[in-house]
$ cat run36.cif   # mmCIF, C-alpha atoms
data_final
#
loop_
_atom_site.label_atom_id
_atom_site.label_comp_id
_atom_site.auth_asym_id
_atom_site.auth_seq_id
_atom_site.Cartn_x
_atom_site.Cartn_y
_atom_site.Cartn_z
CA MET A 876 125.99 64.66 94.10
CA THR A 877 128.12 62.89 96.70
CA GLU A 878 131.14 60.78 95.79
CA SER A 879 129.29 57.64 96.88
CA ALA A 880 126.31 58.49 94.66
CA ARG A 881 128.56 59.12 91.66
CA MET A 882 130.28 55.78 92.17
CA SER A 883 126.92 54.02 92.45
CA GLN A 884 125.69 55.68 89.28
CA THR A 885 128.84 54.64 87.40
CA ALA A 886 128.55 51.07 88.62
CA HIS A 887 124.86 51.00 87.61
CA ALA A 888 125.62 52.23 84.08
CA SER A 889 128.51 49.81 83.76
CA ARG A 890 126.34 46.85 84.74
CA HIS A 891 123.29 47.63 82.66
CA HIS A 892 125.05 48.76 79.47
CA PRO A 893 128.01 46.38 79.13
CA THR A 894 127.73 46.11 75.35
CA ARG A 895 127.50 49.82 74.55
CA LEU A 896 130.31 50.95 72.25
CA ARG A 897 131.71 47.42 72.19
CA TRP A 898 130.21 45.86 69.05
CA TRP A 899 133.08 47.13 66.90
CA THR A 900 135.55 45.18 69.06
CA GLU A 901 133.42 42.03 69.14
CA LEU A 902 133.03 41.76 65.38
CA PRO A 903 136.79 41.80 64.65
CA LEU A 904 137.42 39.36 67.52
CA ILE A 905 134.90 36.84 66.21
CA ALA A 906 136.14 37.36 62.64
CA VAL A 907 139.75 36.73 63.69
CA VAL A 908 138.82 33.51 65.49
CA TYR A 909 136.71 32.30 62.56
CA VAL A 910 139.45 33.09 60.02
CA ALA A 911 142.02 31.35 62.23
CA TYR A 912 139.73 28.34 62.49
CA SER A 913 139.14 28.21 58.73
CA ALA A 914 142.82 28.74 57.92
CA GLY A 915 143.80 26.15 60.49
CA ARG A 916 141.48 23.58 58.94
CA LEU A 917 143.12 24.27 55.61
CA VAL A 918 146.69 24.07 56.89
CA VAL A 919 146.37 20.90 58.95
CA ARG A 920 145.25 18.72 56.07
CA GLY A 921 147.32 15.73 57.17
CA ASP A 922 148.30 12.71 55.10
CA VAL A 923 145.44 11.29 53.03
CA SER A 924 146.35 7.67 53.73
CA THR A 925 146.47 8.40 57.46
CA ALA A 926 143.08 10.11 57.28
CA VAL A 927 141.62 7.10 55.46
CA ASP A 928 143.08 4.75 58.08
CA HIS A 929 141.49 6.81 60.84
CA GLY A 930 138.13 6.77 59.06
CA LEU A 931 138.23 3.00 58.59
CA ALA A 932 139.26 2.51 62.22
CA ILE A 933 136.26 4.54 63.39
CA LEU A 934 133.95 2.62 61.08
CA HIS A 935 135.34 -0.69 62.37
CA LEU A 936 134.89 0.35 66.00
CA GLU A 937 131.33 1.46 65.35
CA GLY A 938 130.61 -1.88 63.72
CA LEU A 939 131.90 -3.74 66.76
CA LEU A 940 129.71 -1.57 69.01
CA HIS A 941 126.72 -1.73 66.63
CA ILE A 942 126.49 2.06 66.49
CA ASP A 943 127.23 2.56 62.78
CA PHE A 944 124.00 4.51 62.27
CA GLU A 945 125.41 6.44 59.31
CA ARG A 946 125.05 3.47 56.94
CA PRO A 947 121.24 3.09 56.95
CA LEU A 948 120.77 6.85 57.14
CA ASN A 949 122.95 7.38 54.09
CA ARG A 950 121.04 4.74 52.14
CA LEU A 951 117.79 6.47 53.03
CA PHE A 952 119.05 9.93 52.05
CA THR A 953 120.54 8.62 48.81
CA SER A 954 117.46 6.74 47.68
CA THR A 955 114.96 9.43 48.70
CA PRO A 956 115.64 12.84 47.11
CA GLU A 957 112.75 14.33 49.11
CA ILE A 958 114.90 13.72 52.20
CA GLY A 959 118.40 13.92 50.76
CA ILE A 960 118.07 17.31 49.06
CA PRO A 961 116.68 19.20 52.12
CA ALA A 962 119.31 17.45 54.24
CA ASP A 963 122.06 18.80 51.98
CA PHE A 964 120.73 22.34 52.43
CA LEU A 965 120.56 21.80 56.17
CA TYR A 966 124.17 20.71 56.17
CA ALA A 967 125.39 23.55 53.97
CA ALA A 968 123.63 26.58 55.45
CA PRO A 969 122.45 26.68 59.11
CA HIS A 970 125.92 25.95 60.51
CA TYR A 971 127.06 29.34 59.18
CA LEU A 972 123.81 31.25 59.77
CA VAL A 973 122.19 30.09 63.00
CA THR A 974 125.28 30.32 65.17
CA PRO A 975 126.11 33.97 64.28
CA ALA A 976 122.42 34.87 64.62
CA ILE A 977 122.32 33.49 68.16
CA LEU A 978 125.53 35.34 69.02
CA VAL A 979 123.94 38.62 67.88
CA TRP A 980 120.73 37.79 69.77
CA LEU A 981 122.67 37.15 72.98
CA PHE A 982 124.74 40.30 72.50
CA ARG A 983 121.63 42.45 72.18
CA ARG A 984 119.22 40.75 74.57
CA TYR A 985 121.45 39.20 77.24
CA PRO A 986 124.65 41.26 77.33
CA ALA A 987 125.56 40.07 80.84
CA ARG A 988 125.56 36.47 79.58
CA TYR A 989 127.11 37.10 76.19
CA ARG A 990 130.78 37.03 77.10
CA ALA A 991 130.67 33.62 78.79
CA ALA A 992 128.62 32.16 75.91
CA ARG A 993 130.98 33.57 73.29
CA THR A 994 134.04 32.35 75.18
CA TRP A 995 132.57 28.86 75.45
CA LEU A 996 131.99 28.72 71.69
CA MET A 997 135.45 30.05 70.83
CA VAL A 998 137.37 27.79 73.21
CA SER A 999 135.48 24.74 71.96
CA THR A 1000 136.17 25.70 68.35
CA LEU A 1001 139.89 25.97 69.04
CA LEU A 1002 139.79 22.56 70.75
CA GLY A 1003 138.15 21.20 67.62
CA LEU A 1004 141.02 22.57 65.54
CA ILE A 1005 143.43 20.66 67.76
CA GLY A 1006 141.38 17.55 67.08
CA PHE A 1007 141.65 18.09 63.32
CA SER A 1008 145.42 18.47 63.71
CA LEU A 1009 145.95 15.37 65.81
CA MET A 1010 143.52 13.11 64.00
CA PRO A 1011 142.83 13.94 60.33
CA THR A 1012 139.89 11.72 59.40
CA CYS A 1013 138.41 10.75 56.08
CA PRO A 1014 134.62 11.18 56.16
CA PRO A 1015 132.42 8.30 54.99
CA ARG A 1016 131.64 9.99 51.66
CA LEU A 1017 135.32 9.90 50.63
CA LEU A 1018 135.92 6.25 51.46
CA ASP A 1019 136.14 3.70 48.68
CA ALA A 1020 132.74 3.01 47.15
CA GLY A 1021 133.01 -0.57 48.33
CA HIS A 1022 132.24 0.59 51.86
CA GLY A 1023 128.72 1.48 50.76
CA PHE A 1024 128.58 5.26 51.20
CA VAL A 1025 127.34 7.81 48.67
CA ASP A 1026 128.14 11.52 48.84
CA THR A 1027 124.63 12.99 48.77
CA MET A 1028 125.95 16.52 48.26
CA ALA A 1029 127.73 15.40 45.11
CA GLN A 1030 124.69 13.39 44.02
CA PHE A 1031 122.32 16.34 44.43
CA SER A 1032 124.80 19.16 43.71
CA SER A 1033 122.69 20.43 40.82
CA TYR A 1034 120.06 21.54 43.36
CA GLY A 1035 122.38 23.74 45.42
CA TRP A 1036 125.27 26.17 45.23
CA TRP A 1037 127.84 23.59 46.29
CA GLY A 1038 129.89 21.40 44.00
CA ALA A 1039 131.13 17.86 44.42
CA GLU A 1040 133.58 18.80 47.19
CA ALA A 1041 131.80 19.12 50.53
CA SER A 1042 129.57 22.15 51.08
CA ALA A 1043 131.92 24.71 49.55
CA PRO A 1044 130.57 26.82 46.67
CA ARG A 1045 131.36 25.48 43.23
CA GLY A 1046 134.97 26.06 42.31
CA LEU A 1047 136.11 26.60 45.91
CA GLY A 1048 136.35 22.98 46.98
CA GLY A 1049 140.14 23.15 46.93
CA MET A 1050 140.02 25.75 49.72
CA THR A 1051 138.49 23.34 52.23
CA ASN A 1052 139.99 20.59 54.31
CA GLN A 1053 137.82 17.59 53.54
CA TYR A 1054 139.60 15.45 56.12
CA ALA A 1055 138.57 17.55 59.13
CA ALA A 1056 135.80 15.18 60.20
CA MET A 1057 136.82 14.43 63.79
CA PRO A 1058 135.28 16.05 65.80
CA SER A 1059 132.10 17.28 64.13
CA LEU A 1060 131.78 20.97 64.90
CA HIS A 1061 128.54 20.99 62.94
CA VAL A 1062 127.18 18.99 65.85
CA GLY A 1063 129.19 20.92 68.44
CA TRP A 1064 127.97 24.33 67.31
CA ALA A 1065 124.40 23.05 66.99
CA LEU A 1066 124.60 21.78 70.57
CA TRP A 1067 125.81 25.20 71.72
CA CYS A 1068 122.90 26.84 69.89
CA GLY A 1069 120.50 24.41 71.53
CA VAL A 1070 121.80 25.18 75.01
CA MET A 1071 121.52 28.92 74.41
CA LEU A 1072 117.98 28.63 73.07
CA TRP A 1073 116.92 26.38 75.93
CA ARG A 1074 118.42 28.59 78.62
CA TYR A 1075 117.49 32.03 77.33
CA GLY A 1076 114.65 31.45 74.85
CA ARG A 1077 111.02 31.94 75.78
CA GLY A 1078 108.01 29.85 74.97
CA PRO A 1079 107.57 26.13 74.25
CA ALA A 1080 108.38 26.52 70.54
CA THR A 1081 111.87 27.76 71.41
CA LYS A 1082 112.40 24.85 73.79
CA VAL A 1083 111.38 22.41 71.08
CA LEU A 1084 113.76 24.07 68.61
CA ALA A 1085 116.54 23.90 71.21
CA VAL A 1086 116.21 20.11 71.28
CA VAL A 1087 115.36 19.45 67.63
CA TYR A 1088 118.14 21.54 66.05
CA PRO A 1089 121.16 19.63 67.47
CA LEU A 1090 119.43 16.27 67.04
CA LEU A 1091 118.48 17.04 63.44
CA THR A 1092 122.02 18.26 62.73
CA THR A 1093 123.42 14.98 64.06
CA VAL A 1094 121.14 12.97 61.77
CA VAL A 1095 121.97 15.19 58.78
CA VAL A 1096 125.76 14.99 59.13
CA MET A 1097 125.54 11.19 59.21
CA GLY A 1098 122.93 10.78 56.49
CA THR A 1099 124.87 12.97 54.06
CA ALA A 1100 127.97 10.83 54.79
CA ASN A 1101 129.94 13.81 56.05
CA HIS A 1102 130.54 12.38 59.53
CA TYR A 1103 130.53 9.18 61.53
CA PHE A 1104 128.41 8.82 64.63
CA LEU A 1105 131.57 8.96 66.77
CA ASP A 1106 132.45 12.29 65.11
CA ALA A 1107 129.19 13.63 66.50
CA VAL A 1108 129.97 12.20 69.94
CA ALA A 1109 133.40 13.85 69.79
CA GLY A 1110 131.78 17.15 68.81
CA ALA A 1111 129.63 17.04 71.94
CA ALA A 1112 132.67 16.07 74.04
CA VAL A 1113 134.63 19.04 72.70
CA MET A 1114 131.80 21.36 73.70
CA GLY A 1115 131.83 19.83 77.17
CA ALA A 1116 135.58 20.40 77.50
CA GLY A 1117 135.15 23.95 76.22
CA LEU A 1118 132.49 24.58 78.85
CA LEU A 1119 134.85 23.46 81.61
CA LEU A 1120 137.56 25.78 80.29
CA THR A 1121 135.31 28.81 79.86
CA ARG A 1122 135.70 30.37 83.30
CA PRO A 1123 139.48 29.77 83.47
CA SER A 1124 139.80 31.30 80.01
CA MET A 1125 137.82 34.36 81.08
CA ARG A 1126 139.95 34.78 84.21
CA LEU A 1127 143.11 34.48 82.14
CA ALA A 1128 141.83 37.08 79.68
CA ASP A 1129 141.01 39.41 82.58
CA ARG A 1130 144.52 39.06 84.01
CA VAL A 1131 146.13 39.70 80.63
CA LYS A 1132 144.00 42.77 80.00
CA ALA A 1133 144.67 44.06 83.51
CA ARG A 1134 148.42 43.72 82.96
CA LEU A 1135 148.11 45.57 79.68
CA GLY A 1136 145.98 48.26 81.33
CA LEU A 1137 143.05 47.64 78.99
CA GLY A 1138 140.36 47.36 81.65
CA SER A 1139 137.83 44.57 82.04
CA ALA A 1140 137.67 41.94 79.32
CA ASP A 1141 133.88 42.18 79.06
CA GLY A 1142 133.89 45.84 78.10
CA THR A 1143 132.75 47.23 81.46
CA SER A 1144 134.73 49.80 83.35
CA THR A 1145 136.25 48.92 86.69
CA VAL A 1146 135.25 51.22 89.57
CA VAL A 1147 137.88 51.49 92.27
CA SER A 1148 136.61 52.78 95.59
CA GLY A 1149 139.92 54.11 96.82
CA GLY A 1150 138.94 53.10 100.34
CA CYS A 1151 135.51 54.77 100.29
CA GLU A 1152 132.60 52.98 101.92
CA THR A 1153 128.88 53.30 101.36
CA SER A 1154 126.73 54.83 104.01
CA ALA A 1155 124.49 52.72 106.21
CA GLY A 1156 121.56 51.35 104.23
CA GLU A 1157 123.20 52.00 100.84
CA HIS A 1158 124.26 49.34 98.36
CA ILE A 1159 125.66 49.24 94.86
CA PRO A 1160 122.96 48.62 92.21
CA GLY A 1161 123.01 45.00 91.09
CA GLN A 1162 123.86 43.65 94.54
CA ARG A 1163 121.56 41.17 96.21
CA ILE A 1164 120.46 41.84 99.75
CA SER A 1165 120.78 38.85 102.04
CA SER A 1166 118.30 38.02 104.75
CA THR A 1167 120.57 39.80 107.24
CA GLY A 1168 120.38 43.01 105.24
CA SER A 1169 123.95 42.90 103.93
CA ALA A 1170 124.71 43.40 100.24
CA THR A 1171 126.31 40.69 98.18
CA ALA A 1172 127.73 41.05 94.69
CA ASP A 1173 125.49 39.99 91.84
CA ASP A 1174 126.83 36.94 90.04
CA SER A 1175 126.17 37.43 86.34
CA THR A 1176 127.97 34.27 85.27
CA PRO A 1177 125.57 31.86 83.55
CA ALA A 1178 124.85 28.67 85.42
CA ALA A 1179 126.07 26.77 82.38
CA THR A 1180 129.61 27.98 83.07
CA ARG A 1181 129.63 27.54 86.84
#

$ encode --input "run36.cif" --output "structure tokens"
Amino acid sequence: MTESARMSQTAHASRHHPTRLRWWTELPLIAVVYVAYSAGRLVVRGDVSTAVDHGLAILHLEGLLHIDFERPLNRLFTSTPEIGIPADFLYAAPHYLVTPAILVWLFRRYPARYRAARTWLMVSTLLGLIGFSLMPTCPPRLLDAGHGFVDTMAQFSSYGWWGAEASAPRGLGGMTNQYAAMPSLHVGWALWCGVMLWRYGRGPATKVLAVVYPLLTTVVVMGTANHYFLDAVAGAAVMGAGLLLTRPSMRLADRVKARLGLGSADGTSTVVSGGCETSAGEHIPGQRISSTGSATADDSTPAATR
């Protein structure tokens, strides 16, 4: 086998098996980010009176703009157990189940797209933590009862595993930051899931789910009095900012790993030609051939991050 053929074979294997032998590095990475996010939410609790002031300011602004949709939704959820109880389950579970499931699905089915998608989610989550730090916000359910909100999760807690303190399991409410309402990462993560399902899912049912899931999540977080409408808007804005920062973050990670001699950040090996050139008519697998017959590098970056 010629040197050129060996290089082509290596490049082919590197491109088509980017996730092989890398799952054990991905799991700790995601776990570290999630633990940092959870710990950060707990640490940056903020002053309760300040959080209440922020919540009332949001509620006042929404009233001026006539976008305080959480009020009628909360009344509906509170007065109709057939709606309120399923909504509580939807708030407590999918946020922690659907997102990891889609990450695993992308890792296995679309390895070339996985790194950008994962980076987008992680960067946005860290931006959300900054939001919690800068603006601790009291959710509607914790405002004085005179403001007209009822905590549906406390009202229907006997139907689920959670107690009267948010969606945490009974007895663990003290380990959560109940004033981390702005932005709503329930909505942000659901939006990310919707984009992934829309872009990479197949069939009309998947497309419908891609639209329904983030919209339903937005309704649920308001109806259960866990978030204001502007929290949901901020959650979407954070995801947009994270998307813009995805490619710069990936380039920065590549430079850091190159300096440390750890290879490519996406788990693929870097093939250095050492000045060798392919013979006439040859091209590296994965390259696109232009109309003039020349080979151009395949761009595996998802359009969502371009």

$ resolve_selection --input "run36.cif" --expression "the PyMOL selection byres ((chain A and resi 1124) around 12)" --output "NGL selection string"
:A and (990-999 or 1116-1123 or 1125-1131 or 1140 or 1180)

$ closest_residue --input "run36.cif" --among "A:Arg1074, A:His935, A:Arg988, A:His1061" --to "Thr1093 of chain A" --atoms "only C-alpha atoms"
A:His1061

$ atom_distance --input "run36.cif" --atom1 "atom CA of Phe1031 of chain A" --atom2 "atom CA of Ile960 of chain A"
6.4 Å

$ atom_distance --input "run36.cif" --atom1 "atom CA of Glu957 of chain A" --atom2 "atom CA of Tyr1103 of chain A"
22.3 Å

$ resolve_selection --input "run36.cif" --expression "the PyMOL selection byres ((chain A and resi 970) around 9)" --output "ChimeraX atom specification"
/A:965-969,971-975,1060-1062,1064-1065,1092

$ residues_around --input "run36.cif" --residues "Pro1014 of chain A" --least-positions-apart "5" --cutoff "9 Å" --atoms "all atoms listed in the file" --output "ChimeraX atom specification"
/A:926-927,930,1053-1057,1100-1103

$ residues_around --input "run36.cif" --residues "Phe1104 of chain A" --least-positions-apart "5" --cutoff "7 Å" --atoms "all atoms listed in the file" --output "ChimeraX atom specification"
/A:943-945,1097

$ write_last_selection --input "run36.cif" --atoms "C-alpha atoms" --output "CSV table (one decimal), in the coordinates of the input"
chain,number,residue,atom,x,y,z
A,943,ASP,CA,127.2,2.6,62.8
A,944,PHE,CA,124.0,4.5,62.3
A,945,GLU,CA,125.4,6.4,59.3
A,1097,MET,CA,125.5,11.2,59.2

$ resolve_selection --input "run36.cif" --expression "the PyMOL selection byres ((chain A and resi 1084) around 12)" --output "ChimeraX atom specification"
/A:973,1065-1066,1068-1074,1076-1083,1085-1092

$ atom_distance --input "run36.cif" --atom1 "atom CA of Leu1017 of chain A" --atom2 "atom CA of Leu1001 of chain A"
24.9 Å

$ residues_around --input "run36.cif" --residues "segment 1032-1035 of chain A" --least-positions-apart "5" --cutoff "9 Å" --atoms "only C-alpha atoms" --output "PyMOL selection string"
chain A and resi 960+963-964+1027+1044
